[in-house]
>>> print(open('query34.cif').read())   # mmCIF, C-alpha atoms and all ligand atoms
data_target
loop_
_atom_site.label_atom_id
_atom_site.label_comp_id
_atom_site.auth_asym_id
_atom_site.auth_seq_id
_atom_site.Cartn_x
_atom_site.Cartn_y
_atom_site.Cartn_z
CA MET A 809 14.99 55.00 36.93
CA ASP A 810 17.26 57.66 35.54
CA GLU A 811 20.32 56.52 33.70
CA LEU A 812 23.67 57.65 34.96
CA THR A 813 24.81 60.70 33.14
CA ALA A 814 28.29 61.03 31.72
CA ASP A 815 28.81 64.63 32.77
CA GLY A 816 30.86 63.83 35.87
CA HIS A 817 34.56 63.24 36.10
CA GLY A 818 34.32 59.51 36.69
CA GLU A 819 32.54 56.75 34.89
CA PHE A 820 29.58 56.77 37.26
CA GLY A 821 28.88 60.41 37.90
CA TYR A 822 31.92 61.59 39.82
CA LEU A 823 32.85 58.08 40.86
CA THR A 824 35.10 55.63 39.08
CA THR A 825 33.72 52.18 38.33
CA ALA A 826 35.67 50.77 41.29
CA GLN A 827 34.39 53.47 43.64
CA TRP A 828 30.84 52.97 42.42
CA ARG A 829 31.02 49.23 42.97
CA SER A 830 32.57 49.70 46.41
CA PHE A 831 29.87 52.20 47.32
CA GLN A 832 27.13 49.76 46.31
CA TRP A 833 28.86 47.08 48.33
CA ALA A 834 29.13 49.43 51.33
CA VAL A 835 25.41 50.27 51.23
CA SER A 836 24.52 46.59 51.08
CA TYR A 837 27.05 45.51 53.67
CA SER A 838 26.16 48.29 56.11
CA LEU A 839 22.66 46.86 56.49
CA VAL A 840 24.14 43.83 58.20
CA LEU A 841 27.27 45.43 59.60
CA VAL A 842 25.57 48.20 61.58
CA PRO A 843 23.31 45.82 63.59
CA PHE A 844 26.35 43.55 64.08
CA LEU A 845 28.41 46.44 65.44
CA ARG A 846 25.57 47.50 67.71
CA ASP A 847 25.28 44.00 69.15
CA ALA A 848 29.03 43.73 69.50
CA GLY A 849 28.93 46.95 71.49
CA ASN A 850 26.25 45.60 73.76
CA TYR A 851 28.33 42.58 74.57
CA SER A 852 31.55 44.60 74.72
CA ILE A 853 33.47 42.20 72.54
CA SER A 854 35.16 45.00 70.65
CA VAL A 855 38.86 44.60 70.04
CA ASP A 856 40.52 47.95 70.13
CA GLU A 857 44.29 48.00 69.50
CA GLY A 858 44.89 45.14 71.89
CA ARG A 859 42.79 46.63 74.65
CA THR A 860 40.20 44.24 75.93
CA ALA A 861 36.64 45.18 76.66
CA LYS A 862 37.13 44.36 80.33
CA THR A 863 39.49 47.27 80.80
CA GLU A 864 37.16 49.70 79.08
CA PRO A 865 35.77 52.35 81.43
CA ALA A 866 32.13 51.84 82.31
CA LEU A 867 31.14 55.12 80.72
CA GLY A 868 33.30 54.57 77.65
CA MET A 869 31.52 53.74 74.46
CA PRO A 870 32.77 50.60 72.70
CA ALA A 871 34.63 51.34 69.48
CA THR A 872 32.10 49.20 67.63
CA GLN A 873 29.30 51.52 68.77
CA ILE A 874 31.25 54.57 67.66
CA ALA A 875 31.79 52.99 64.24
CA ALA A 876 28.09 52.11 63.97
CA ILE A 877 27.13 55.68 64.84
CA GLU A 878 29.56 57.12 62.28
CA ILE A 879 28.23 54.85 59.55
CA GLU A 880 24.65 55.70 60.48
CA SER A 881 25.46 59.39 60.49
CA LEU A 882 26.91 59.23 56.98
CA ALA A 883 23.95 57.14 55.83
CA GLY A 884 21.79 59.92 57.22
CA GLU A 885 23.56 62.42 54.97
CA LEU A 886 22.95 60.18 51.98
CA ARG A 887 19.21 60.58 52.48
CA HIS A 888 19.41 64.02 50.85
CA TRP A 889 19.46 62.29 47.47
CA PRO A 890 16.65 60.10 46.13
CA ASP A 891 18.88 57.30 44.88
CA LEU A 892 22.46 56.16 44.62
CA GLU A 893 22.89 57.42 41.06
CA ASP A 894 21.98 60.93 42.20
CA ILE A 895 24.60 60.69 44.93
CA ALA A 896 27.27 59.70 42.41
CA ASN A 897 26.21 62.55 40.12
CA ASP A 898 26.19 65.23 42.83
CA THR A 899 29.18 67.47 43.46
CA THR A 900 29.00 66.91 47.22
CA GLY A 901 27.13 63.60 47.24
CA TRP A 902 29.97 61.60 45.75
CA GLN A 903 32.26 62.76 48.56
CA VAL A 904 29.80 61.51 51.16
CA ALA A 905 29.68 58.25 49.22
CA ILE A 906 33.48 57.99 49.43
CA ASP A 907 33.45 58.71 53.18
CA PHE A 908 30.63 56.24 53.75
CA THR A 909 32.43 53.54 51.76
CA ARG A 910 35.65 54.12 53.68
CA GLU A 911 33.93 53.92 57.08
CA VAL A 912 32.18 50.68 56.15
CA GLN A 913 35.37 49.18 54.71
CA THR A 914 37.38 50.16 57.79
CA ALA A 915 34.81 48.69 60.20
CA ALA A 916 34.42 45.57 58.06
CA HIS A 917 38.16 45.04 58.13
CA ARG A 918 38.44 45.74 61.84
CA TRP A 919 35.53 43.63 63.00
CA PRO A 920 35.02 40.87 60.49
CA MET A 921 31.71 39.12 60.82
CA GLU A 922 31.50 35.39 60.89
CA ASP A 923 31.86 33.97 57.43
CA LYS A 924 28.34 32.61 57.60
CA PRO A 925 25.07 33.74 56.09
CA HIS A 926 23.09 36.11 58.28
CA ASP A 927 19.38 36.65 58.40
CA VAL A 928 18.70 40.29 57.66
CA GLU A 929 16.38 41.24 60.48
CA ASP A 930 13.73 43.91 60.16
CA VAL A 931 14.31 44.44 56.45
CA ARG A 932 11.60 43.37 54.07
CA CYS A 933 12.19 41.80 50.69
CA THR A 934 11.58 44.43 48.02
CA HIS A 935 9.98 41.77 45.81
CA CYS A 936 7.53 39.92 48.06
CA GLY A 937 7.52 42.08 51.20
CA MET A 938 8.44 39.27 53.58
CA ILE A 939 11.11 39.57 56.27
CA ALA A 940 13.13 36.68 54.92
CA LEU A 941 16.31 38.15 53.46
CA VAL A 942 19.49 36.17 53.96
CA TYR A 943 22.81 37.88 53.53
CA GLN A 944 25.75 35.92 52.15
CA PRO A 945 28.98 37.62 53.24
CA PRO A 946 31.63 38.21 50.60
CA GLN A 947 34.81 36.20 50.87
CA VAL A 948 36.88 39.39 50.81
CA PRO A 949 35.79 43.02 51.29
CA GLY A 950 34.80 44.48 47.95
CA ASP A 951 33.72 41.08 46.69
CA GLU A 952 30.22 40.45 45.40
CA THR A 953 27.56 40.42 48.10
CA VAL A 954 24.40 38.44 47.73
CA VAL A 955 21.17 39.15 49.53
CA ARG A 956 18.59 36.54 48.66
CA CYS A 957 15.04 36.19 49.87
CA ALA A 958 14.32 32.85 51.52
CA GLU A 959 10.60 33.23 50.72
CA CYS A 960 10.52 34.10 47.02
CA GLY A 961 14.10 33.26 46.08
CA GLN A 962 14.71 36.62 44.43
CA VAL A 963 18.09 38.28 44.71
CA GLU A 964 18.16 41.94 45.65
CA ASP A 965 19.85 43.82 42.87
CA ASP A 966 21.31 47.27 42.35
CA ARG A 967 17.92 48.83 41.81
CA ASP A 968 16.97 47.85 45.34
CA PHE A 969 19.87 49.61 47.00
CA ALA A 970 18.10 52.95 47.23
CA GLU A 971 15.09 51.27 48.72
CA ARG A 972 17.23 49.43 51.20
CA LEU A 973 18.90 52.67 52.16
CA ALA A 974 15.46 54.16 52.79
CA ILE A 975 14.54 51.17 54.96
CA MET A 976 17.78 51.52 56.89
CA ARG A 977 17.04 55.19 57.40
CA ASP A 978 13.60 54.40 58.82
CA GLU A 979 15.14 51.79 61.07
CA MET A 980 17.70 54.28 62.33
CA LYS A 981 15.00 56.82 63.00
CA ARG A 982 12.98 54.26 64.91
CA LEU A 983 15.99 53.27 67.03
CA ARG A 984 16.85 56.86 67.77
CA HIS A 985 13.34 57.55 68.95
CA ALA A 986 13.33 54.39 71.03
CA SER A 987 16.52 55.29 72.89
ZN ZN A 1001 10.96 37.88 48.65
#
>>> encode(input="query34.cif", output="structure tokens", more="lines below")
Ligand SMILES: [Zn+2]
Amino acid sequence: MDELTADGHGEFGYLTTAQWRSFQWAVSYSLVLVPFLRDAGNYSISVDEGRTAKTEPALGMPATQIAAIEIESLAGELRHWPDLEDIANDTTGWQVAIDFTREVQTAAHRWPMEDKPHDVEDVRCTHCGMIALVYQPPQVPGDETVVRCAECGQVEDDRDFAERLAIMRDEMKRLRHAS
């Protein structure tokens, strides 16, 4: 893996340390958040500025679905770079990273998930290849996230983020073709 270069304006490419950490968090969190938002949309439990789902027009798309689509769309743009370091080092990539982070943070704040571990469905462990990842939500947004494999006990680390992003991309592609 290439080391981060120091030729950008921030400490991690064009990103500051805080932005870099938030971006990594957003990539990790989005893997669980996007399916959550999709499900929330299906059940129309979205809370939108006091409006209840019951009053939502039949053809209206739940706000959770819109958020999921926006996050997926930005994740799609991130696929132009091979890994997260390249994104941080790219003159346009870092801006996509900032946008992506902001969308994930906004959605995470607006629709907090249960403060319980979630099984990460359809995503294989990068160590043993089993579908057994369990996501431990952070106590506060921006806090450390832990994704541990229930089969081999390994924790997914920063090096796995790019791979996870690739898996998410494949998943998105599959869903798009299925719909
Ligand atoms: Zn494993």
>>> residues_near_ligand(input="query34.cif", ligand="ligand ZN 1001 (chain A)", cutoff="7 Å", atoms="all atoms listed in the file", output="short mmCIF file (atom, residue, chain, number, x, y, z; two decimals) with C-alpha atoms, in the frame of the given file")
data_model
loop_
_atom_site.label_atom_id
_atom_site.label_comp_id
_atom_site.auth_asym_id
_atom_site.auth_seq_id
_atom_site.Cartn_x
_atom_site.Cartn_y
_atom_site.Cartn_z
CA CYS A 933 12.19 41.80 50.69
CA THR A 934 11.58 44.43 48.02
CA HIS A 935 9.98 41.77 45.81
CA CYS A 936 7.53 39.92 48.06
CA GLY A 937 7.52 42.08 51.20
CA MET A 938 8.44 39.27 53.58
CA ALA A 940 13.13 36.68 54.92
CA CYS A 957 15.04 36.19 49.87
CA ALA A 958 14.32 32.85 51.52
CA GLU A 959 10.60 33.23 50.72
CA CYS A 960 10.52 34.10 47.02
CA GLY A 961 14.10 33.26 46.08
CA GLN A 962 14.71 36.62 44.43
#
>>> atom_distance(input="query34.cif", atom1="CA of Glu964 (chain A)", atom2="CA of Leu941 (chain A)")
8.9 Å
>>> residues_around(input="query34.cif", residues="region 840-845 of chain A", least_positions_apart="4", cutoff="9 Å", atoms="all atoms listed in the file", output="PyMOL selection string")
chain A and resi 836+849-850+854+871-877+879-880+912+915-916+919+921+926-929+943
>>> closest_residue(input="query34.cif", among="A:Gln944, A:Thr899, A:Thr914, A:Thr909", to="Arg829 (chain A)", atoms="all atoms listed in the file")
A:Thr909
>>> closest_residue(input="query34.cif", among="A:Glu911, A:Tyr837, A:Ala905, A:Met869", to="Asp891 (chain A)", atoms="all atoms listed in the file")
A:Ala905
>>> atom_distance(input="query34.cif", atom1="CA of Val963 (chain A)", atom2="CA of Ala883 (chain A)")
22.7 Å
>>> atom_distance(input="query34.cif", atom1="CA of Pro920 (chain A)", atom2="CA of Gly884 (chain A)")
23.4 Å
>>> residues_near_point(input="query34.cif", point="(24.5, 56.6, 56.7)", cutoff="9 Å", atoms="all atoms listed in the file", output="short mmCIF file (atom, residue, chain, number, x, y, z; two decimals) with C-alpha atoms, in the frame of the given file")
data_model
loop_
_atom_site.label_atom_id
_atom_site.label_comp_id
_atom_site.auth_asym_id
_atom_site.auth_seq_id
_atom_site.Cartn_x
_atom_site.Cartn_y
_atom_site.Cartn_z
CA VAL A 835 25.41 50.27 51.23
CA SER A 838 26.16 48.29 56.11
CA ILE A 877 27.13 55.68 64.84
CA GLU A 878 29.56 57.12 62.28
CA ILE A 879 28.23 54.85 59.55
CA GLU A 880 24.65 55.70 60.48
CA SER A 881 25.46 59.39 60.49
CA LEU A 882 26.91 59.23 56.98
CA ALA A 883 23.95 57.14 55.83
CA GLY A 884 21.79 59.92 57.22
CA GLU A 885 23.56 62.42 54.97
CA LEU A 886 22.95 60.18 51.98
CA ARG A 887 19.21 60.58 52.48
CA PHE A 908 30.63 56.24 53.75
CA LEU A 973 18.90 52.67 52.16
CA MET A 976 17.78 51.52 56.89
CA ARG A 977 17.04 55.19 57.40
#
>>> closest_residue(input="query34.cif", among="A:Ile939, A:Ala848, A:Val954, A:Val931", to="Gln832 (chain A)", atoms="only C-alpha atoms")
A:Val954
>>> closest_residue(input="query34.cif", among="A:Val904, A:Asp898, A:Gly868, A:Pro890", to="Phe831 (chain A)", atoms="all atoms listed in the file")
A:Val904
>>> closest_residue(input="query34.cif", among="A:Asp847, A:Val955, A:Gly901, A:Trp828", to="His888 (chain A)", atoms="all atoms listed in the file")
A:Gly901
